[in-house]
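Asker: This is protein_27.txt, which holds compact mmCIF, C-alpha atoms:
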```txt
# COMPACT_ATOMS: atom_id res chain seq x y z
CA THR Z 1 47.04 128.38 116.47
CA LYS Z 2 48.66 125.35 114.86
CA LYS Z 3 50.82 123.36 117.28
CA ASN Z 4 52.21 120.87 114.76
CA VAL Z 5 53.81 121.36 111.37
CA PHE Z 6 54.96 119.22 108.47
CA LEU Z 7 57.60 119.99 105.84
CA ASP Z 8 57.90 118.80 102.25
CA ASN Z 9 59.70 119.91 99.11
CA LEU Z 10 56.96 121.42 96.98
CA GLU Z 11 53.84 123.45 97.63
CA SER Z 12 52.00 121.24 95.13
CA SER Z 13 52.60 118.11 97.23
CA LEU Z 14 51.18 119.43 100.51
CA GLN Z 15 47.67 118.13 99.85
CA THR Z 16 49.05 114.61 99.37
CA ARG Z 17 50.83 114.89 102.72
CA TYR Z 18 47.69 116.11 104.47
CA SER Z 19 45.84 113.05 103.17
CA PHE Z 20 48.65 110.74 104.31
CA LEU Z 21 48.72 112.22 107.82
CA GLU Z 22 44.94 112.08 108.08
CA LEU Z 23 44.81 108.43 106.98
CA PHE Z 24 47.11 107.43 109.84
CA GLY Z 25 45.64 109.79 112.45
CA PHE Z 26 48.33 112.50 112.55
CA ASP Z 27 46.34 115.37 111.03
CA GLU Z 28 45.05 117.09 114.16
CA ASN Z 29 46.01 120.75 114.51
CA ILE Z 30 48.69 120.62 111.80
CA GLU Z 31 49.87 122.96 109.05
CA GLY Z 32 51.98 122.23 106.00
CA ILE Z 33 55.05 124.16 104.82
CA SER Z 34 57.10 123.69 101.67
CA ARG Z 35 60.84 124.18 101.28
CA GLU Z 36 59.96 126.67 98.52
CA SER Z 37 58.30 128.98 101.06
CA LEU Z 38 61.38 128.90 103.32
CA ARG Z 39 63.69 130.32 100.65
CA LYS Z 40 62.59 133.88 101.30
CA PHE Z 41 63.55 136.79 103.52
CA SER Z 42 60.80 138.43 105.55
CA SER Z 43 62.61 141.79 105.60
CA TRP Z 44 65.71 143.65 104.38
CA TYR Z 45 67.07 143.38 107.90
CA ASP Z 46 66.94 139.58 107.70
CA ARG Z 47 68.59 139.69 104.29
CA VAL Z 48 71.49 141.80 105.57
CA LEU Z 49 71.83 139.71 108.73
CA PHE Z 50 71.94 136.48 106.71
CA GLY Z 51 74.61 138.00 104.45
CA LEU Z 52 76.79 138.94 107.42
CA ILE Z 53 76.43 135.51 109.02
CA SER Z 54 77.04 133.57 105.82
CA PHE Z 55 79.89 135.66 104.42
CA PRO Z 56 82.70 133.82 106.29
CA MET Z 57 81.17 130.48 105.28
CA MET Z 58 80.87 131.70 101.71
CA ILE Z 59 84.61 132.30 101.51
CA ILE Z 60 85.34 128.84 102.94
CA GLN Z 61 82.84 127.09 100.66
CA PHE Z 62 84.06 128.99 97.60
CA GLY Z 63 87.63 127.91 98.32
CA ARG Z 64 86.55 124.29 98.65
CA SER Z 65 84.52 124.41 95.43
CA ILE Z 66 87.25 125.81 93.15
CA TYR Z 67 88.77 122.41 92.47
CA ARG Z 68 85.49 120.56 92.16
CA LYS Z 69 83.77 119.92 88.85
CA ASP Z 70 80.32 119.96 90.43
CA LYS Z 71 79.65 123.47 91.77
CA ALA Z 72 76.00 122.76 92.65
CA PRO Z 73 76.69 121.91 96.33
CA PHE Z 74 78.26 125.36 96.76
CA ALA Z 75 75.06 127.12 95.70
CA SER Z 76 72.71 124.74 97.49
CA PHE Z 77 74.62 125.06 100.79
CA PHE Z 78 73.38 128.62 101.37
CA GLU Z 79 69.89 127.82 100.15
CA GLU Z 80 69.70 124.97 102.63
CA MET Z 81 71.17 127.13 105.36
CA LEU Z 82 68.40 129.70 104.79
CA GLU Z 83 65.75 126.97 104.92
CA VAL Z 84 67.07 125.66 108.24
CA ILE Z 85 67.20 129.14 109.79
CA ASN Z 86 63.70 130.06 108.64
CA PHE Z 87 62.17 126.74 109.64
CA VAL Z 88 63.70 126.75 113.12
CA SER Z 89 62.66 130.40 113.59
CA LEU Z 90 59.10 129.55 112.58
CA VAL Z 91 58.97 126.60 114.97
CA ARG Z 92 60.24 128.74 117.80
CA LYS Z 93 57.90 131.66 117.04
CA CYS Z 94 54.77 129.49 116.76
CA LYS Z 95 55.70 127.25 119.71
CA ILE Z 96 55.46 124.12 117.58
CA ARG Z 97 55.52 120.86 119.54
CA GLU Z 98 55.77 118.29 116.73
CA ALA Z 99 57.42 118.50 113.29
CA TYR Z 100 56.83 115.94 110.52
CA ILE Z 101 59.49 115.92 107.81
CA PHE Z 102 58.80 114.19 104.47
CA CYS Z 103 61.86 115.30 102.45
CA THR Z 104 64.16 112.95 104.36
CA PHE Z 105 66.40 112.20 101.37
CA GLU Z 106 67.86 115.69 101.87
CA LYS Z 107 70.66 114.92 104.32
CA TYR Z 108 70.66 118.46 105.70
CA THR Z 109 67.24 117.74 107.27
CA ASN Z 110 69.28 116.05 109.98
CA ALA Z 111 70.24 119.62 110.94
CA PHE Z 112 66.52 120.24 111.51
CA PHE Z 113 66.51 117.41 114.00
CA ILE Z 114 69.55 118.72 115.90
CA PHE Z 115 68.09 122.22 116.30
CA LEU Z 116 64.52 121.08 116.97
CA ASP Z 117 65.66 118.55 119.54
CA ARG Z 118 67.24 121.41 121.51
CA LEU Z 119 63.90 123.22 121.40
CA ASP Z 120 62.12 120.13 122.79
CA VAL Z 121 60.23 119.66 119.53
CA ARG Z 122 59.48 116.04 118.68
CA VAL Z 123 60.60 115.18 115.14
CA PHE Z 124 58.86 112.61 112.94
CA LYS Z 125 60.49 111.59 109.65
CA ILE Z 126 58.55 109.91 106.88
CA PRO Z 127 60.59 108.51 103.97
CA SER Z 128 58.89 107.54 100.70
CA GLU Z 129 58.46 103.86 99.78
CA VAL Z 130 61.95 103.79 98.27
CA PRO Z 131 64.33 101.55 100.27
CA LEU Z 132 66.34 103.44 102.88
CA SER Z 133 69.48 102.01 101.27
CA PHE Z 134 68.90 104.27 98.25
CA TRP Z 135 68.82 107.76 99.75
CA ASN Z 136 68.14 107.53 103.50
CA LYS Z 137 70.97 105.59 105.10
CA LYS Z 138 71.74 108.50 107.42
CA LEU Z 139 68.71 109.57 109.41
CA LEU Z 140 68.36 111.29 112.77
CA THR Z 141 64.87 111.51 114.29
CA HIS Z 142 62.78 110.85 117.37
CA ASP Z 143 60.10 108.89 115.49
CA LEU Z 144 60.57 107.07 112.20
CA LEU Z 145 57.30 106.42 110.39
CA ALA Z 146 58.24 103.62 108.00
CA CYS Z 147 56.28 103.43 104.76
CA THR Z 148 57.04 99.73 104.15
CA GLY Z 149 57.92 96.60 106.06
CA LEU Z 150 61.26 96.61 104.28
CA GLN Z 151 62.12 99.94 105.91
CA LEU Z 152 61.41 98.45 109.34
CA GLU Z 153 64.13 95.89 108.66
CA GLU Z 154 66.55 98.37 107.11
CA ALA Z 155 66.26 100.72 110.08
CA GLU Z 156 67.46 97.92 112.35
CA LEU Z 157 70.26 96.99 109.96
CA PHE Z 158 71.78 100.44 109.39
CA GLU Z 159 73.52 101.89 112.44
CA SER Z 160 73.42 105.33 110.84
CA VAL Z 161 69.60 105.34 111.03
CA ARG Z 162 68.99 106.57 114.58
CA TYR Z 163 65.59 106.95 116.21
CA ASP Z 164 63.80 106.53 119.53
CA ARG Z 165 60.66 104.89 118.16
CA ILE Z 166 59.64 103.29 114.90
CA ARG Z 167 56.30 102.11 113.53
CA LEU Z 168 54.80 101.15 110.19
CA THR Z 169 52.38 103.62 108.64
CA GLY Z 170 52.14 102.98 104.88
CA PRO Z 171 52.99 104.11 101.34
CA GLU Z 172 52.65 107.82 100.70
CA LYS Z 173 49.58 107.37 98.47
CA ALA Z 174 47.93 104.56 100.44
CA TYR Z 175 45.05 106.94 101.10
CA GLU Z 176 43.95 106.53 97.47
CA ILE Z 177 42.83 102.93 97.97
CA ALA Z 178 42.79 102.27 101.73
CA GLU Z 179 39.00 102.63 101.83
CA LYS Z 180 38.67 99.45 99.73
CA PHE Z 181 40.59 97.30 102.19
CA LYS Z 182 40.17 98.72 105.70
CA GLU Z 183 37.17 96.54 106.63
CA ASN Z 184 38.85 93.27 105.62
CA ARG Z 185 42.01 92.79 107.65
CA THR Z 186 43.35 89.85 105.67
CA TYR Z 187 44.81 88.97 102.27
CA PRO Z 188 42.53 90.33 99.53
CA ALA Z 189 41.30 88.12 96.71
CA VAL Z 190 42.17 88.73 93.06
CA GLU Z 191 39.57 88.70 90.30
CA ALA Z 192 38.44 85.22 89.23
CA ASN Z 193 39.68 85.79 85.68
CA ALA Z 194 43.09 86.97 86.93
CA MET Z 195 44.26 83.73 88.56
CA ARG Z 196 46.63 83.09 85.62
CA THR Z 197 47.55 86.72 84.99
CA VAL Z 198 51.09 87.93 85.57
CA SER Z 199 51.70 91.69 85.58
CA TYR Z 200 54.79 93.80 85.17
CA ILE Z 201 55.09 97.24 86.80
CA SER Z 202 57.12 99.53 84.60
CA THR Z 203 59.51 102.03 86.16
CA GLY Z 204 59.43 104.20 83.04
CA GLY Z 205 63.22 103.99 83.18
CA TRP Z 206 63.66 104.41 79.44
CA VAL Z 207 61.79 107.73 79.60
CA ARG Z 208 64.01 108.91 82.45
CA GLU Z 209 67.10 107.99 80.45
CA LYS Z 210 65.89 110.00 77.46
CA LEU Z 211 65.30 112.96 79.78
CA GLY Z 212 68.74 112.55 81.35
CA HIS Z 213 67.53 111.62 84.83
CA ALA Z 214 69.46 109.47 87.32
CA ASP Z 215 69.36 105.72 86.70
CA GLN Z 216 70.70 104.46 90.06
CA GLY Z 217 73.87 103.05 88.51
CA VAL Z 218 72.28 100.60 86.05
CA ILE Z 219 70.79 100.96 82.60
CA ILE Z 220 67.16 100.48 83.58
CA SER Z 221 65.78 100.32 80.04
CA ASP Z 222 67.96 97.30 79.19
CA GLN Z 223 66.89 95.60 82.41
CA GLU Z 224 63.23 96.22 81.71
CA LYS Z 225 63.45 94.88 78.17
CA ARG Z 226 65.01 91.72 79.52
CA ILE Z 227 62.32 91.28 82.18
CA ILE Z 228 59.43 91.84 79.77
CA HIS Z 229 60.92 89.43 77.23
CA ASP Z 230 61.40 86.75 79.91
CA LEU Z 231 57.89 87.27 81.28
CA SER Z 232 56.38 87.04 77.81
CA GLU Z 233 58.21 83.76 77.15
CA TYR Z 234 57.08 82.34 80.50
CA CYS Z 235 53.45 83.31 79.92
CA LEU Z 236 53.42 81.80 76.42
CA GLN Z 237 54.85 78.52 77.70
CA ASN Z 238 52.54 78.30 80.73
CA GLY Z 239 49.24 79.57 79.38
CA CYS Z 240 49.30 82.84 81.30
CA ARG Z 241 48.35 86.39 80.39
CA LEU Z 242 50.92 89.20 80.69
CA LEU Z 243 49.66 92.61 81.75
CA ILE Z 244 51.92 95.69 81.80
CA TYR Z 245 51.24 98.62 84.12
CA LEU Z 246 52.69 101.72 82.53
CA HIS Z 247 54.49 104.40 84.52
CA PRO Z 248 52.67 107.79 84.60
CA ARG Z 249 55.38 109.24 82.36
CA GLU Z 250 54.66 106.57 79.76
CA LYS Z 251 50.96 107.37 79.75
CA LYS Z 252 51.56 110.88 78.49
CA LEU Z 253 50.45 111.37 74.91
CA SER Z 254 53.69 113.15 74.12
CA HIS Z 255 55.50 109.84 74.60
CA GLU Z 256 53.06 107.70 72.55
CA ARG Z 257 55.41 107.22 69.58
CA LEU Z 258 58.37 106.51 71.86
CA LEU Z 259 56.20 104.07 73.81
CA ASN Z 260 55.53 102.00 70.71
CA GLU Z 261 59.20 102.07 69.74
CA PHE Z 262 60.34 100.82 73.16
CA TYR Z 263 57.83 97.99 73.55
CA ASN Z 264 57.89 96.84 69.92
CA ASP Z 265 59.03 93.20 69.50
CA LEU Z 266 59.37 92.54 73.26
CA GLY Z 267 56.74 89.78 73.25
CA VAL Z 268 53.03 89.15 73.67
CA PHE Z 269 51.33 91.27 76.33
CA GLU Z 270 48.57 93.78 77.04
CA PHE Z 271 48.72 97.23 78.58
CA ALA Z 272 46.59 97.75 81.67
CA ASP Z 273 43.78 100.28 81.40
CA LYS Z 274 45.58 103.62 81.06
CA SER Z 275 42.62 105.51 82.49
CA LEU Z 276 43.08 103.85 85.90
CA LYS Z 277 45.80 104.45 88.44
CA SER Z 278 47.86 101.28 88.72
CA ASN Z 279 47.18 100.87 92.45
CA GLU Z 280 43.44 100.77 91.73
CA SER Z 281 43.77 97.46 89.90
CA PHE Z 282 46.07 95.31 92.03
CA GLN Z 283 43.36 92.63 92.00
CA ASN Z 284 43.68 92.23 88.21
CA SER Z 285 46.79 90.04 88.42
CA ALA Z 286 47.70 87.07 90.58
CA VAL Z 287 51.35 88.07 90.89
CA SER Z 288 53.30 91.11 89.78
CA VAL Z 289 56.95 91.57 88.88
CA SER Z 290 58.97 94.77 88.85
CA PHE Z 291 62.53 95.96 88.72
CA MET Z 292 62.45 98.56 91.48
CA SER Z 293 59.09 100.30 91.64
CA THR Z 294 57.50 102.05 94.61
CA LEU Z 295 54.22 100.56 93.41
CA MET Z 296 55.54 97.08 94.22
CA TYR Z 297 56.04 98.02 97.86
CA GLU Z 298 52.48 99.36 97.92
CA ARG Z 299 51.21 96.11 96.39
CA LEU Z 300 52.97 94.04 99.06
CA TYR Z 301 51.70 96.38 101.78
CA PHE Z 302 48.09 95.62 100.82
CA GLY Z 303 48.71 91.86 100.70
CA PHE Z 304 49.12 91.13 96.96
CA LYS Z 305 51.85 88.79 95.72
CA GLY Z 306 54.91 90.28 94.04
CA LEU Z 307 58.49 89.55 92.93
CA LEU Z 308 61.46 91.88 92.45
CA PHE Z 309 63.82 91.27 89.52
CA LEU Z 310 67.27 92.63 90.37
CA LYS Z 311 70.54 92.72 88.51
CA ASP Z 312 73.05 90.48 90.30
CA GLY Z 313 75.07 92.58 92.73
CA PHE Z 314 72.45 95.33 92.86
CA ASN Z 315 71.34 96.21 96.40
CA GLU Z 316 73.58 93.79 98.22
CA GLU Z 317 71.95 94.94 101.48
CA PHE Z 318 68.81 93.04 100.49
CA LYS Z 319 70.63 89.74 101.11
CA ASP Z 320 70.39 90.40 104.85
CA LEU Z 321 66.66 91.17 104.69
CA SER Z 322 63.44 89.21 104.26
CA ILE Z 323 62.74 90.84 100.90
CA ASP Z 324 65.65 88.95 99.35
CA ARG Z 325 63.46 85.84 99.45
CA ILE Z 326 61.22 87.33 96.75
CA CYS Z 327 64.07 88.76 94.68
CA VAL Z 328 65.06 86.99 91.46
CA ARG Z 329 68.23 87.63 89.49
CA THR Z 330 68.13 85.11 86.64
CA THR Z 331 65.58 83.88 84.11
CA GLU Z 332 65.56 80.46 85.76
CA GLU Z 333 64.89 81.94 89.20
CA LEU Z 334 62.09 84.05 87.75
CA SER Z 335 60.42 80.99 86.21
CA ASN Z 336 60.68 78.95 89.41
CA MET Z 337 59.35 81.76 91.60
CA LEU Z 338 56.44 82.44 89.26
CA ASP Z 339 55.52 78.75 89.44
CA LYS Z 340 55.44 78.97 93.24
CA ALA Z 341 53.54 82.26 93.31
CA LEU Z 342 50.86 81.15 90.87
CA SER Z 343 50.29 77.83 92.65
CA SER Z 344 49.96 79.24 96.18
CA SER Z 345 47.45 81.42 97.98
CA SER Z 346 48.44 84.92 99.03
CA GLN Z 347 48.66 83.90 102.67
CA SER Z 348 50.82 80.88 101.87
CA PHE Z 349 53.07 83.02 99.66
CA PHE Z 350 53.67 85.69 102.33
CA GLU Z 351 54.18 83.13 105.09
CA GLU Z 352 56.45 80.82 103.08
CA PHE Z 353 58.77 83.68 102.14
CA GLY Z 354 58.68 85.28 105.59
CA ILE Z 355 57.24 88.65 104.56
CA SER Z 356 53.89 88.58 106.37
CA HIS Z 357 55.00 91.59 108.42
CA TYR Z 358 55.07 93.67 105.22
CA CYS Z 359 51.24 93.72 105.22
CA TRP Z 360 49.37 96.48 107.03
CA PHE Z 361 46.86 94.12 108.64
CA ASN Z 362 49.67 92.14 110.28
CA GLN Z 363 51.20 95.28 111.83
CA ASN Z 364 48.20 96.65 113.74
CA VAL Z 365 47.90 99.60 111.34
CA ASN Z 366 44.56 101.39 111.44
CA PHE Z 367 43.05 103.69 108.82
CA THR Z 368 40.88 106.64 109.83
CA GLU Z 369 37.33 107.00 108.56
CA HIS Z 370 37.70 109.96 106.22
CA VAL Z 371 40.40 111.30 103.95
CA ARG Z 372 40.64 115.03 103.33
CA ASN Z 373 39.42 116.06 99.86
CA SER Z 374 39.36 119.80 100.28
CA GLY Z 375 42.27 122.16 99.80
CA ILE Z 376 44.66 123.21 102.50
CA SER Z 377 42.84 125.11 105.20
```
Is it possible to express this structure as structure tokens?

Answerer:
Amino acid sequence: TKKNVFLDNLESSLQTRYSFLELFGFDENIEGISRESLRKFSSWYDRVLFGLISFPMMIIQFGRSIYRKDKAPFASFFEEMLEVINFVSLVRKCKIREAYIFCTFEKYTNAFFIFLDRLDVRVFKIPSEVPLSFWNKKLLTHDLLACTGLQLEEAELFESVRYDRIRLTGPEKAYEIAEKFKENRTYPAVEANAMRTVSYISTGGWVREKLGHADQGVIISDQEKRIIHDLSEYCLQNGCRLLIYLHPREKKLSHERLLNEFYNDLGVFEFADKSLKSNESFQNSAVSVSFMSTLMYERLYFGFKGLLFLKDGFNEEFKDLSIDRICVRTTEELSNMLDKALSSSSQSFFEEFGISHYCWFNQNVNFTEHVRNSGIS
């Protein structure tokens, strides 16, 4: 009988979560559940009972939604309510002792914590690499398993992030490359021919905009064009090579024509090998620049130099955190910081800018020997 359980949004992502938990030693006696599987009734009796319980709330929520343009919260309220009821019932029935929750950006998962705490179930929350200031400013948990060093700092800064214990684990897909680095607990070397290579990590923002996805309050495509143009100019003037890591969305053949249209006339650069995952070739550039990519936090975690290019005024919270020391907001700042990054060793770079604690080997993180390759058992 499983004594621990983890929860994530989609059934298709459970294998990734198993591999994450195994990498950091949390995989013993654990079973995965998706939110999809919780949106069901086990019997007609449960369906009728849920209808009776939710009917008064339905009237209240309907009244509140009449004057709102966005009716989505009205529908999602009852879906989320069903998920909470089914998850708590499952935990109680199976006598679960620990629950690991990955979908922390859903604020209603704080309700999970409240109910599970009363059942003496220890709750672990694992946010993605995205800064807590984006989607996770309000968190309730017993244990917070931070994916980045930045999140360690944010958790101390935000009073609305409440926990008993916190520790650094790693990025959600660290298991893909951890094997390469686990024996060498220090800053990894880059390839000899990459000492003058600058890379840019694309967010694929222009693709998201075309598909109508959220852009976090800024026009990402305009920002990315500006960064790539500035990087190309810098590399031409300083005898460097510019390498662009495409976002998975950009690598799709269906976007090939759009890809050429977007990058046309932005400067002189090369695309990184599209057949490789971007995190498999961190060593192919001396320093990387990105707007706001989860891959950058993974790069820093493994000890590779990186800079964040932010629009002025974007993420003001960063100004109280160590990461602000590697943030650039103007072309001049970018040029100066690239000069420093290219002329210093990785260790000097991380120590000079006070971000050594972002690296796994400086946080006493240990990787387990094997990562699960089989399906969910």

Asker: Which one of Z:Leu82, Z:Ile244, Z:Leu334, Z:Ala286 sits closest to Ala272 in chain Z if you count all atoms listed in the file?

Answerer: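 Checking each candidate against Ala272 in chain Z, we get Z:Ile244 as the closest.
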
Asker: Which residue, Z:Asp320, Z:Glu80, Z:Glu209, Z:Glu129, has the smallest gap to Ala111 in chain Z when you use all atoms listed in the file?

Answerer: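 When distances to Ala111 in chain Z are compared using all atoms listed in the file, the smallest one comes from Z:Glu80.
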
Asker: Using all atoms listed in the file, which of the listed residues (Z:Glu261, Z:Glu352, Z:Asp339, Z:Glu153) sits closest to Arg196 in chain Z?

Answerer: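 For Arg196 in chain Z, the nearest of the candidates is Z:Asp339.
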
Asker: Any chance you could work out the axis-aligned box around range 226-235 of chain Z, listed atoms only, 5 Å on each side, giving centre and edge lengths in Å to one decimal, as AutoDock Vina command-line options?

Answerer:
```
--center_x 59.2 --center_y 87.1 --center_z 79.7 --size_x 21.6 --size_y 19.5 --size_z 15.0
```

Asker: Take CA of Glu172 in chain Z and CA of Lys305 in chain Z and report the distance between them in Å, one decimal.

Answerer: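 According to the coordinates, CA of Glu172 in chain Z and CA of Lys305 in chain Z are separated by 19.7 Å.
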
Asker: Using all atoms listed in the file, pick whichever of Z:Ser288, Z:Asn29, Z:Ser232, Z:Ser322 has the shortest atom-to-atom distance to Leu157 in chain Z.

Answerer: Z:Ser322

Asker: Counting only C-alpha atoms, what is within 8 Å of range 32-37 of chain Z, bar same-chain residues fewer than 4 positions away, as a ChimeraX atom specification?

Answerer: /Z:5-11,14,18,83

Asker: In Å, with one decimal, what is the gap from CA of Ala192 in chain Z to CA of Ser293 in chain Z?

Answerer: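 Taking CA of Ala192 in chain Z and CA of Ser293 in chain Z, their separation equals 25.7 Å.
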
Asker: Which residue gives the smallest distance to Gly205 in chain Z among Z:Asp265, Z:Asp164, Z:Met292, Z:Ile355, with all atoms listed in the file counted?

Answerer: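 So, comparing all the options, the nearest one is Z:Met292.
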
Asker: Neighbouring residues of range 246-252 of chain Z were defined as those with any atom within 8 Å, considering all atoms listed in the file; residues of the same chain fewer than 6 positions away were excluded. Please report them as a PyMOL selection string.

Answerer: chain Z and resi 201-204+207+259+271-272+274+278

Asker: Restricting the calculation to all atoms listed in the file: of Z:Asn110, Z:Ile177, Z:Lys225, Z:Glu191, which residue gets closest to Arg162 in chain Z?

Answerer: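 Closest to Arg162 in chain Z, using all atoms listed in the file: Z:Asn110.
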
Asker: In Å to one decimal, how far is CA of Met337 in chain Z from CA of Ala174 in chain Z?

Answerer: 27.0 Å

Asker: At a cut-off of 9 Å, using all atoms listed in the file, what residues contact Phe113 in chain Z? Leave out same-chain residues fewer than 3 positions from it and give the result as a VMD selection string.

Answerer: chain Z and resid 109 to 110 116 to 118 121 to 123 140 to 142

Asker: Could you check which residues have any atom within 12 Å of (52.7, 112.8, 109.9), counting all atoms listed in the file with coordinates taken straight from the file, and then list them as a PyMOL selection string?

Answerer: chain Z and resi 4-8+14+16-32+98-102+122-127+143-147+167-170+172
